[in-house]
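**Student:** My structure is stored as protein.pdb, with PDB, C-alpha atoms.
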```pdb
MODEL        1
ATOM      1  CA  MET A   1       8.457  -6.523  -3.619
ATOM      2  CA  ALA A   2       6.136  -6.806  -0.650
ATOM      3  CA  ALA A   3       6.206  -8.599   2.667
ATOM      4  CA  ALA A   4       4.630 -12.045   2.908
ATOM      5  CA  LYS A   5       0.879 -11.994   3.280
ATOM      6  CA  GLN A   6      -1.832 -14.507   4.070
ATOM      7  CA  THR A   7      -4.794 -14.314   1.696
ATOM      8  CA  ILE A   8      -8.366 -14.663   2.900
ATOM      9  CA  THR A   9     -11.593 -14.262   0.953
ATOM     10  CA  SER A  10     -14.262 -11.998   2.445
ATOM     11  CA  ALA A  11     -17.999 -12.602   2.261
ATOM     12  CA  SER A  12     -18.220 -10.140  -0.651
ATOM     13  CA  GLY A  13     -15.726 -12.187  -2.660
ATOM     14  CA  GLN A  14     -12.797  -9.787  -2.323
ATOM     15  CA  LYS A  15      -9.437 -11.439  -1.675
ATOM     16  CA  LYS A  16      -7.919  -9.570   1.240
ATOM     17  CA  SER A  17      -4.321 -10.078   2.321
ATOM     18  CA  VAL A  18      -3.331 -10.139   5.969
ATOM     19  CA  PRO A  19       0.307  -9.080   6.431
ATOM     20  CA  VAL A  20       2.816 -11.499   7.928
ATOM     21  CA  VAL A  21       6.082  -9.615   8.491
ATOM     22  CA  THR A  22       9.061 -11.661   9.632
ATOM     23  CA  VAL A  23      12.575 -10.563  10.510
ATOM     24  CA  GLU A  24      13.759 -12.215   7.296
ATOM     25  CA  SER A  25      11.311 -10.303   5.070
ATOM     26  CA  PHE A  26      12.049  -7.031   6.874
ATOM     27  CA  TYR A  27      15.795  -7.475   6.331
ATOM     28  CA  ARG A  28      15.411  -8.695   2.738
ATOM     29  CA  LEU A  29      13.068  -5.910   1.664
ATOM     30  CA  HIS A  30      14.480  -2.958   3.595
ATOM     31  CA  GLY A  31      17.971  -3.934   4.732
ATOM     32  CA  GLU A  32      19.748  -2.173   1.857
ATOM     33  CA  LYS A  33      17.730   1.032   2.166
ATOM     34  CA  LEU A  34      18.268   1.096   5.938
ATOM     35  CA  HIS A  35      21.973   0.174   5.551
ATOM     36  CA  MET A  36      21.522  -2.850   7.806
ATOM     37  CA  LYS A  37      24.216  -5.526   8.145
ATOM     38  CA  LEU A  38      23.906  -8.774  10.061
ATOM     39  CA  GLU A  39      25.993  -8.729  13.221
ATOM     40  CA  GLY A  40      26.733 -12.149  14.655
ATOM     41  CA  ALA A  41      24.920 -15.392  13.937
ATOM     42  CA  GLN A  42      22.063 -15.708  11.435
ATOM     43  CA  VAL A  43      19.355 -16.781  13.859
ATOM     44  CA  GLY A  44      15.756 -15.850  14.575
ATOM     45  CA  PHE A  45      14.902 -14.867  11.001
ATOM     46  CA  HIS A  46      11.580 -16.714  11.362
ATOM     47  CA  ARG A  47      10.411 -14.460  14.202
ATOM     48  CA  LYS A  48       7.401 -12.279  13.458
ATOM     49  CA  ILE A  49       7.306  -8.501  13.784
ATOM     50  CA  ARG A  50       3.793  -7.915  15.103
ATOM     51  CA  GLU A  51       3.649  -4.120  15.328
ATOM     52  CA  PRO A  52       4.675  -1.624  12.607
ATOM     53  CA  THR A  53       6.836   0.613  14.751
ATOM     54  CA  ILE A  54      10.177   0.696  16.586
ATOM     55  CA  ASN A  55      11.033   0.588  20.296
ATOM     56  CA  ARG A  56      14.069   1.812  22.253
ATOM     57  CA  PRO A  57      14.459  -0.570  25.239
ATOM     58  CA  GLY A  58      16.152   1.810  27.656
ATOM     59  CA  LEU A  59      13.844   1.017  30.594
ATOM     60  CA  ALA A  60      14.038  -2.706  29.851
ATOM     61  CA  LEU A  61      17.832  -2.619  30.099
ATOM     62  CA  ALA A  62      17.360  -0.990  33.503
ATOM     63  CA  GLY A  63      15.240  -3.985  34.553
ATOM     64  CA  PHE A  64      11.775  -2.405  34.165
ATOM     65  CA  PHE A  65       9.556  -4.531  31.877
ATOM     66  CA  SER A  66       6.052  -3.241  32.682
ATOM     67  CA  TYR A  67       4.350  -2.195  29.415
ATOM     68  CA  PHE A  68       7.397  -3.357  27.458
ATOM     69  CA  ALA A  69       6.702  -3.332  23.694
ATOM     70  CA  GLU A  70       8.085  -6.786  22.941
ATOM     71  CA  LYS A  71       6.272  -7.080  19.581
ATOM     72  CA  ARG A  72       8.383  -4.355  17.983
ATOM     73  CA  VAL A  73      11.852  -4.161  16.470
ATOM     74  CA  GLN A  74      14.219  -3.030  19.235
ATOM     75  CA  VAL A  75      16.837  -0.358  18.545
ATOM     76  CA  LEU A  76      19.912   0.271  20.674
ATOM     77  CA  GLY A  77      21.030   3.859  20.188
ATOM     78  CA  ALA A  78      23.928   5.802  21.694
ATOM     79  CA  ALA A  79      22.129   6.190  25.043
ATOM     80  CA  GLU A  80      21.403   2.469  25.399
ATOM     81  CA  ASN A  81      24.918   1.458  24.358
ATOM     82  CA  THR A  82      26.521   3.948  26.739
ATOM     83  CA  TYR A  83      24.354   2.675  29.576
ATOM     84  CA  LEU A  84      25.299  -0.952  28.862
ATOM     85  CA  LYS A  85      29.005  -0.111  28.838
ATOM     86  CA  SER A  86      28.657   1.645  32.198
ATOM     87  CA  LEU A  87      27.463  -1.561  33.870
ATOM     88  CA  PRO A  88      29.752  -4.205  35.394
ATOM     89  CA  PRO A  89      30.280  -7.088  32.901
ATOM     90  CA  LYS A  90      28.176  -9.577  34.857
ATOM     91  CA  VAL A  91      25.272  -7.145  35.340
ATOM     92  CA  ARG A  92      25.460  -6.081  31.679
ATOM     93  CA  VAL A  93      25.060  -9.687  30.508
ATOM     94  CA  GLU A  94      22.165 -10.296  32.950
ATOM     95  CA  ARG A  95      20.315  -7.168  31.804
ATOM     96  CA  PHE A  96      20.877  -7.998  28.151
ATOM     97  CA  ARG A  97      19.727 -11.583  28.695
ATOM     98  CA  GLY A  98      16.556 -10.234  30.309
ATOM     99  CA  LEU A  99      15.880  -8.148  27.193
ATOM    100  CA  CYS A 100      16.506 -11.040  24.797
ATOM    101  CA  GLY A 101      14.287 -13.304  26.900
ATOM    102  CA  GLN A 102      11.225 -11.153  26.135
ATOM    103  CA  LYS A 103      10.675 -12.836  22.722
ATOM    104  CA  ILE A 104      11.503  -9.687  20.817
ATOM    105  CA  PRO A 105      11.715  -9.961  16.977
ATOM    106  CA  CYS A 106      15.260  -8.623  16.539
ATOM    107  CA  LEU A 107      17.787  -5.996  17.637
ATOM    108  CA  VAL A 108      19.266  -3.172  15.568
ATOM    109  CA  VAL A 109      22.330  -1.290  16.781
ATOM    110  CA  SER A 110      22.469   2.216  15.317
ATOM    111  CA  ARG A 111      25.297   4.690  14.661
ATOM    112  CA  GLY A 112      27.569   1.861  13.479
ATOM    113  CA  ALA A 113      28.248   0.655  17.017
ATOM    114  CA  HIS A 114      29.260  -2.955  17.717
ATOM    115  CA  LEU A 115      27.930  -5.137  20.510
ATOM    116  CA  ASP A 116      30.483  -6.844  22.693
ATOM    117  CA  ALA A 117      31.152 -10.518  21.983
ATOM    118  CA  ASP A 118      29.512 -11.618  25.249
ATOM    119  CA  LEU A 119      26.286  -9.810  24.331
ATOM    120  CA  LEU A 120      26.284 -11.261  20.803
ATOM    121  CA  ALA A 121      26.661 -14.709  22.375
ATOM    122  CA  VAL A 122      23.588 -14.087  24.532
ATOM    123  CA  ALA A 123      21.578 -12.986  21.489
ATOM    124  CA  ALA A 124      22.642 -16.115  19.590
ATOM    125  CA  GLU A 125      21.618 -18.347  22.521
ATOM    126  CA  GLU A 126      18.177 -16.708  22.605
ATOM    127  CA  ASN A 127      17.832 -16.891  18.777
ATOM    128  CA  ILE A 128      17.692 -13.109  18.412
ATOM    129  CA  ALA A 129      19.113 -11.635  15.195
ATOM    130  CA  VAL A 130      21.318  -8.570  15.690
ATOM    131  CA  PHE A 131      21.830  -5.997  12.920
ATOM    132  CA  ARG A 132      24.053  -2.944  12.697
ATOM    133  CA  THR A 133      23.377   0.298  10.824
ATOM    134  CA  PRO A 134      25.440   3.478  10.503
ATOM    135  CA  MET A 135      22.272   5.583  10.502
ATOM    136  CA  ILE A 136      21.496   8.042  13.300
ATOM    137  CA  THR A 137      19.012   6.461  15.692
ATOM    138  CA  MET A 138      16.047   8.765  15.051
ATOM    139  CA  LYS A 139      16.577   8.715  11.291
ATOM    140  CA  PHE A 140      16.600   4.916  11.345
ATOM    141  CA  ILE A 141      13.452   4.823  13.487
ATOM    142  CA  ASN A 142      11.613   7.175  11.127
ATOM    143  CA  SER A 143      12.664   5.307   7.980
ATOM    144  CA  ALA A 144      12.004   1.849   9.424
ATOM    145  CA  THR A 145       8.570   2.897  10.714
ATOM    146  CA  ILE A 146       7.551   4.134   7.259
ATOM    147  CA  ALA A 147       8.732   0.864   5.711
ATOM    148  CA  LEU A 148       6.863  -1.241   8.271
ATOM    149  CA  GLU A 149       3.687   0.830   7.924
ATOM    150  CA  PHE A 150       3.598  -0.104   4.241
ATOM    151  CA  ASP A 151       4.350  -3.774   4.976
ATOM    152  CA  PHE A 152       1.490  -3.893   7.504
ATOM    153  CA  SER A 153      -1.008  -2.110   5.248
ATOM    154  CA  PRO A 154      -4.020  -4.307   4.315
ATOM    155  CA  THR A 155      -4.159  -5.310   0.661
ATOM    156  CA  VAL A 156      -7.040  -6.468  -1.519
ATOM    157  CA  THR A 157      -7.108  -7.935  -5.028
ATOM    158  CA  GLU A 158      -9.614  -6.411  -7.446
ATOM    159  CA  PHE A 159     -10.371  -7.964 -10.813
ATOM    160  CA  GLY A 160     -10.071  -4.985 -13.109
ATOM    161  CA  SER A 161      -7.585  -2.845 -15.022
ATOM    162  CA  MET A 162      -5.972   0.283 -13.602
ATOM    163  CA  VAL A 163      -5.005   3.318 -15.709
ATOM    164  CA  ASP A 164      -3.534   6.738 -14.912
ATOM    165  CA  ILE A 165      -5.559   9.373 -16.811
ATOM    166  CA  LEU A 166      -4.330  12.948 -16.356
ATOM    167  CA  GLY A 167      -3.206  12.125 -12.836
ATOM    168  CA  VAL A 168      -6.502  10.415 -11.965
ATOM    169  CA  GLY A 169      -6.144   6.737 -11.055
ATOM    170  CA  VAL A 170      -9.048   4.856 -12.649
ATOM    171  CA  LEU A 171      -9.949   1.233 -11.937
ATOM    172  CA  ILE A 172     -11.949  -0.247 -14.839
ATOM    173  CA  ARG A 173     -14.184  -3.156 -13.799
ATOM    174  CA  GLY A 174     -16.638  -5.298 -15.696
ATOM    175  CA  ALA A 175     -17.623  -8.808 -16.669
ATOM    176  CA  SER A 176     -15.217 -10.947 -18.681
ATOM    177  CA  GLY A 177     -15.345 -10.047 -22.367
ATOM    178  CA  ILE A 178     -17.030  -6.675 -21.800
ATOM    179  CA  GLY A 179     -14.082  -4.859 -23.436
ATOM    180  CA  LYS A 180     -11.858  -3.700 -20.578
ATOM    181  CA  SER A 181      -8.579  -4.456 -22.380
ATOM    182  CA  GLU A 182      -9.731  -2.715 -25.570
ATOM    183  CA  CYS A 183     -10.618   0.375 -23.522
ATOM    184  CA  VAL A 184      -7.223   0.330 -21.820
ATOM    185  CA  LEU A 185      -5.466   0.046 -25.193
ATOM    186  CA  GLY A 186      -7.463   3.014 -26.470
ATOM    187  CA  LEU A 187      -6.448   5.048 -23.414
ATOM    188  CA  ILE A 188      -2.778   4.091 -23.786
ATOM    189  CA  GLU A 189      -2.896   5.219 -27.436
ATOM    190  CA  ARG A 190      -4.154   8.600 -26.173
ATOM    191  CA  GLY A 191      -0.985   8.938 -24.083
ATOM    192  CA  TYR A 192      -2.129   7.629 -20.708
ATOM    193  CA  SER A 193      -0.345   5.040 -18.556
ATOM    194  CA  LEU A 194      -1.150   1.446 -17.645
ATOM    195  CA  VAL A 195      -0.838   0.506 -13.979
ATOM    196  CA  ALA A 196      -2.321  -3.001 -14.019
ATOM    197  CA  ASP A 197      -4.258  -5.232 -16.393
ATOM    198  CA  ASP A 198      -7.026  -7.593 -15.319
ATOM    199  CA  VAL A 199      -5.762  -8.052 -11.737
ATOM    200  CA  THR A 200      -5.025  -5.015  -9.554
ATOM    201  CA  ARG A 201      -3.550  -5.089  -6.051
ATOM    202  CA  ILE A 202      -4.807  -2.246  -3.866
ATOM    203  CA  THR A 203      -3.201  -1.269  -0.559
ATOM    204  CA  SER A 204      -4.751   0.971   2.098
ATOM    205  CA  LEU A 205      -2.247   3.463   3.493
ATOM    206  CA  GLU A 206      -3.168   4.508   7.035
ATOM    207  CA  SER A 207      -6.869   4.050   6.115
ATOM    208  CA  ARG A 208      -6.493   7.369   4.303
ATOM    209  CA  GLU A 209      -5.805   6.591   0.655
ATOM    210  CA  LEU A 210      -5.608   3.597  -1.667
ATOM    211  CA  MET A 211      -2.531   2.769  -3.745
ATOM    212  CA  ALA A 212      -2.868   0.401  -6.701
ATOM    213  CA  THR A 213      -0.222  -1.655  -8.475
ATOM    214  CA  ALA A 214       0.104  -4.781 -10.587
ATOM    215  CA  PRO A 215       1.310  -8.200  -9.419
ATOM    216  CA  GLU A 216       4.994  -8.594 -10.260
ATOM    217  CA  LEU A 217       4.325 -11.426 -12.723
ATOM    218  CA  THR A 218       1.918  -9.432 -14.932
ATOM    219  CA  ARG A 219       3.483  -5.970 -14.565
ATOM    220  CA  ASN A 220       3.985  -4.186 -17.929
ATOM    221  CA  HIS A 221       1.916  -6.852 -19.709
ATOM    222  CA  MET A 222      -1.627  -7.060 -21.075
ATOM    223  CA  GLU A 223      -3.809  -9.853 -22.392
ATOM    224  CA  VAL A 224      -5.671  -8.892 -25.574
ATOM    225  CA  ARG A 225      -8.180 -11.385 -26.944
ATOM    226  CA  GLY A 226      -7.200 -12.507 -30.432
ATOM    227  CA  ILE A 227      -3.621 -11.249 -30.032
ATOM    228  CA  GLY A 228      -2.439 -12.730 -26.747
ATOM    229  CA  ILE A 229       0.002 -11.355 -24.171
ATOM    230  CA  ILE A 230       1.730  -8.119 -25.154
ATOM    231  CA  ASN A 231       4.470  -6.087 -23.454
ATOM    232  CA  VAL A 232       3.060  -2.576 -23.221
ATOM    233  CA  ALA A 233       6.413  -0.919 -22.470
ATOM    234  CA  ASN A 234       8.047  -2.483 -25.541
ATOM    235  CA  ILE A 235       5.225  -1.510 -27.907
ATOM    236  CA  PHE A 236       4.193   1.921 -26.615
ATOM    237  CA  GLY A 237       7.326   3.001 -24.748
ATOM    238  CA  ILE A 238       8.260   3.225 -21.090
ATOM    239  CA  GLY A 239       6.024   6.275 -20.673
ATOM    240  CA  ALA A 240       2.987   4.014 -21.104
ATOM    241  CA  ILE A 241       3.742   2.256 -17.805
ATOM    242  CA  ARG A 242       3.297   3.416 -14.217
ATOM    243  CA  ILE A 243       4.353   1.196 -11.313
ATOM    244  CA  GLU A 244       1.743   2.440  -8.829
ATOM    245  CA  LYS A 245      -0.997   5.035  -8.634
ATOM    246  CA  ARG A 246      -3.511   6.300  -6.102
ATOM    247  CA  LEU A 247      -7.047   5.063  -6.756
ATOM    248  CA  ASP A 248      -9.365   8.025  -7.388
ATOM    249  CA  LEU A 249     -12.241   6.622  -9.473
ATOM    250  CA  VAL A 250     -13.875   3.255 -10.160
ATOM    251  CA  VAL A 251     -15.584   2.745 -13.529
ATOM    252  CA  THR A 252     -17.801  -0.311 -14.023
ATOM    253  CA  LEU A 253     -18.675  -1.353 -17.564
ATOM    254  CA  LYS A 254     -22.080  -3.030 -17.939
ATOM    255  CA  ASP A 255     -24.019  -4.290 -20.904
ATOM    256  CA  TRP A 256     -26.748  -1.813 -21.837
ATOM    257  CA  GLN A 257     -29.442  -4.480 -21.593
ATOM    258  CA  GLU A 258     -28.492  -5.384 -18.015
ATOM    259  CA  LEU A 259     -29.249  -1.889 -16.718
ATOM    260  CA  GLU A 260     -32.805  -1.141 -15.641
ATOM    261  CA  GLU A 261     -32.197   2.589 -15.797
ATOM    262  CA  VAL A 262     -29.306   4.872 -16.686
ATOM    263  CA  ASP A 263     -28.354   7.993 -14.724
ATOM    264  CA  ARG A 264     -28.566  10.822 -17.254
ATOM    265  CA  ILE A 265     -27.870  13.760 -14.937
ATOM    266  CA  GLY A 266     -25.261  12.624 -12.399
ATOM    267  CA  LEU A 267     -26.537  14.539  -9.382
ATOM    268  CA  ASP A 268     -26.337  11.510  -7.096
ATOM    269  CA  GLN A 269     -22.712  10.429  -6.616
ATOM    270  CA  GLU A 270     -22.241   6.683  -6.247
ATOM    271  CA  PHE A 271     -19.360   5.106  -4.343
ATOM    272  CA  TYR A 272     -17.502   1.800  -4.430
ATOM    273  CA  GLU A 273     -16.008   0.567  -1.151
ATOM    274  CA  VAL A 274     -12.453  -0.762  -1.101
ATOM    275  CA  LEU A 275     -10.886  -1.707   2.252
ATOM    276  CA  GLY A 276     -13.367   0.515   4.085
ATOM    277  CA  ILE A 277     -12.688   3.589   1.919
ATOM    278  CA  GLN A 278     -15.401   5.044  -0.310
ATOM    279  CA  VAL A 279     -14.209   5.696  -3.882
ATOM    280  CA  PRO A 280     -16.299   7.638  -6.456
ATOM    281  CA  HIS A 281     -18.004   5.157  -8.790
ATOM    282  CA  VAL A 282     -19.389   5.529 -12.303
ATOM    283  CA  ILE A 283     -21.338   2.906 -14.279
ATOM    284  CA  ILE A 284     -20.984   3.198 -18.055
ATOM    285  CA  PRO A 285     -23.414   1.284 -20.307
ATOM    286  CA  VAL A 286     -21.715  -0.669 -23.104
ATOM    287  CA  ARG A 287     -23.259  -1.273 -26.507
ATOM    288  CA  PRO A 288     -21.942  -1.390 -30.099
ATOM    289  CA  GLY A 289     -20.871   1.951 -31.507
ATOM    290  CA  ARG A 290     -19.998   3.671 -28.225
ATOM    291  CA  ASP A 291     -16.426   4.920 -27.760
ATOM    292  CA  ILE A 292     -15.997   3.554 -24.238
ATOM    293  CA  ALA A 293     -12.359   4.651 -23.944
ATOM    294  CA  ARG A 294     -13.401   8.233 -24.676
ATOM    295  CA  LEU A 295     -16.216   8.043 -22.111
ATOM    296  CA  ILE A 296     -13.817   6.787 -19.437
ATOM    297  CA  GLU A 297     -11.441   9.614 -20.304
ATOM    298  CA  VAL A 298     -14.252  12.158 -19.870
ATOM    299  CA  ALA A 299     -15.300  10.521 -16.569
ATOM    300  CA  ALA A 300     -11.717  10.918 -15.286
ATOM    301  CA  MET A 301     -11.624  14.577 -16.375
ATOM    302  CA  ASP A 302     -14.960  15.196 -14.674
ATOM    303  CA  GLN A 303     -13.687  13.576 -11.471
ATOM    304  CA  LYS A 304     -10.616  15.811 -11.587
ATOM    305  CA  LEU A 305     -12.856  18.877 -11.858
ATOM    306  CA  LYS A 306     -14.949  17.650  -8.935
ATOM    307  CA  GLY A 307     -11.751  17.386  -6.909
ATOM    308  CA  LEU A 308     -11.193  21.067  -7.698
ATOM    309  CA  GLY A 309     -14.711  21.957  -6.536
ATOM    310  CA  ARG A 310     -16.382  22.104  -9.968
ATOM    311  CA  ASN A 311     -19.421  19.840 -10.395
ATOM    312  CA  GLY A 312     -21.054  20.202 -13.809
ATOM    313  CA  ALA A 313     -24.300  18.474 -12.818
ATOM    314  CA  LEU A 314     -24.762  20.665  -9.726
ATOM    315  CA  GLU A 315     -23.959  23.820 -11.684
ATOM    316  CA  PHE A 316     -26.515  22.903 -14.336
ATOM    317  CA  ASN A 317     -29.126  22.072 -11.698
ATOM    318  CA  THR A 318     -28.539  25.411  -9.956
ATOM    319  CA  LYS A 319     -28.982  27.327 -13.224
ATOM    320  CA  LEU A 320     -32.149  25.360 -13.997
ATOM    321  CA  LEU A 321     -33.674  26.143 -10.599
ATOM    322  CA  GLN A 322     -32.817  29.825 -10.960
ATOM    323  CA  LEU A 323     -34.455  29.905 -14.388
ATOM    324  CA  MET A 324     -37.589  28.199 -13.020
ATOM    325  CA  GLU A 325     -37.757  30.716 -10.171
ATOM    326  CA  GLN A 326     -37.455  33.639 -12.590
ATOM    327  CA  LYS A 327     -40.268  32.301 -14.779
ATOM    328  CA  GLY A 328     -42.431  31.657 -11.733
ATOM    329  CA  GLU A 329     -42.247  35.258 -10.572
TER     330      GLU A 329
ENDMDL
END
```
For this file, produce the structure as structure tokens.
**Tutor:**
Amino acid sequence: MAAAKQTITSASGQKKSVPVVTVESFYRLHGEKLHMKLEGAQVGFHRKIREPTINRPGLALAGFFSYFAEKRVQVLGAAENTYLKSLPPKVRVERFRGLCGQKIPCLVVSRGAHLDADLLAVAAEENIAVFRTPMITMKFINSATIALEFDFSPTVTEFGSMVDILGVGVLIRGASGIGKSECVLGLIERGYSLVADDVTRITSLESRELMATAPELTRNHMEVRGIGIINVANIFGIGAIRIEKRLDLVVTLKDWQELEEVDRIGLDQEFYEVLGIQVPHVIIPVRPGRDIARLIEVAAMDQKLKGLGRNGALEFNTKLLQLMEQKGE
């Protein structure tokens, strides 16, 4: 499951999702993994978390609010709790009210500590949800930051099928009816794994790599013209399914007649841009009699070799130039 997202369509036609992370979605998606329990009243679940990181409000509790990170989840660790308990009751409530008045998303109390009833009452008045976790403060901060980073990652929807071929994540694109599903079936029969059919959701992780998965509704399923919807896991076994995979290669299938010229050497590497990241791109001409599934398999193998520093086209070109130089001497 993912956090709620708003979908917008870019000028290029790609449907890009803008993350909207609320306290409710954060608790629902990650509460169990982070061992979070609601402490006090169920309020403020509609509040938005606007930055994918965590803040410890030690200075804020001391009354210093310059550069206060109010957009982040606030964590009260052992140091903050000890400081609060050292204050006179009236001052403690005033300082805590000042923190809750900053429109923070929510509060998490770590190490299994409990807030006093007077502080919980202040949080309830200000509509601030308070959670408790037995986790050590730094461990909670690290785990929660990783979870929020994923929730805040931009996502785009690509119309194409995604397959894992020998560890290479391949997105297969093409016009409707070009034969994408038949190619995917052929690859699954060869022992490879389906990630998504027809619609693939791609998420950018730290603008460094792209992770692809299927929408929850269509996961494990394929649409095959003439047969209908099939459950891939039931027919081919659970090994034929992969929940998510890094995107390494984009293959576009095009009708032979639509191509003005076909690259027969492969010296010039083409790229396909997804969420600002350049992904190696191969265009495969489609016409009757060609084993497209086999060609996609070879393209994935070739991309894997390129990742290991072996480029067949460059090696051939180097040998050809050396031979020409020898004959020219």
**Student:** My list of candidates is A:Val224, A:Val199, A:Ala79, A:Met301. Which is closest to Ile172 in chain A when distances are computed with all atoms listed in the file?
**Tutor:**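 That would be A:Val199, the residue with the smallest distance to Ile172 in chain A.
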**Student:** Go through the shown structure with the PyMOL selection byres ((chain A and resi 41) around 9) and write out the matching residues as a list of chain:residue names.
**Tutor:** A:Leu38, A:Glu39, A:Gly40, A:Gln42, A:Val43, A:Leu120, A:Ala121, A:Ala123, A:Ala124, A:Asn127, A:Ile128, A:Ala129, A:Val130
**Student:** Please write the residues picked by the PyMOL selection byres ((chain A and resi 35) around 9) on this file as a ChimeraX atom specification.
**Tutor:** /A:30-34,36-37,132-135
**Student:** Pick out the closest residue to Asn81 in chain A from this set: A:Met211, A:Val93, A:Val109, A:Ala60. Count all atoms listed in the file.
**Tutor:**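 Closest to Asn81 in chain A of all the choices is A:Val109.
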**Student:** Compare A:Gln303, A:Ser143, A:Ser25, A:Thr137 by their minimum atom-to-atom distance to Leu166 in chain A, counting only C-alpha atoms, and give me the closest one.
**Tutor:** A:Gln303
**Student:** Run the PyMOL selection byres ((chain A and resi 80) around 10) mentally over the shown coordinates, then write out the matched residues as a PyMOL selection string, using the chain letters and numbers from the document.
**Tutor:** chain A and resi 56-59+61-62+75-79+81-86+109
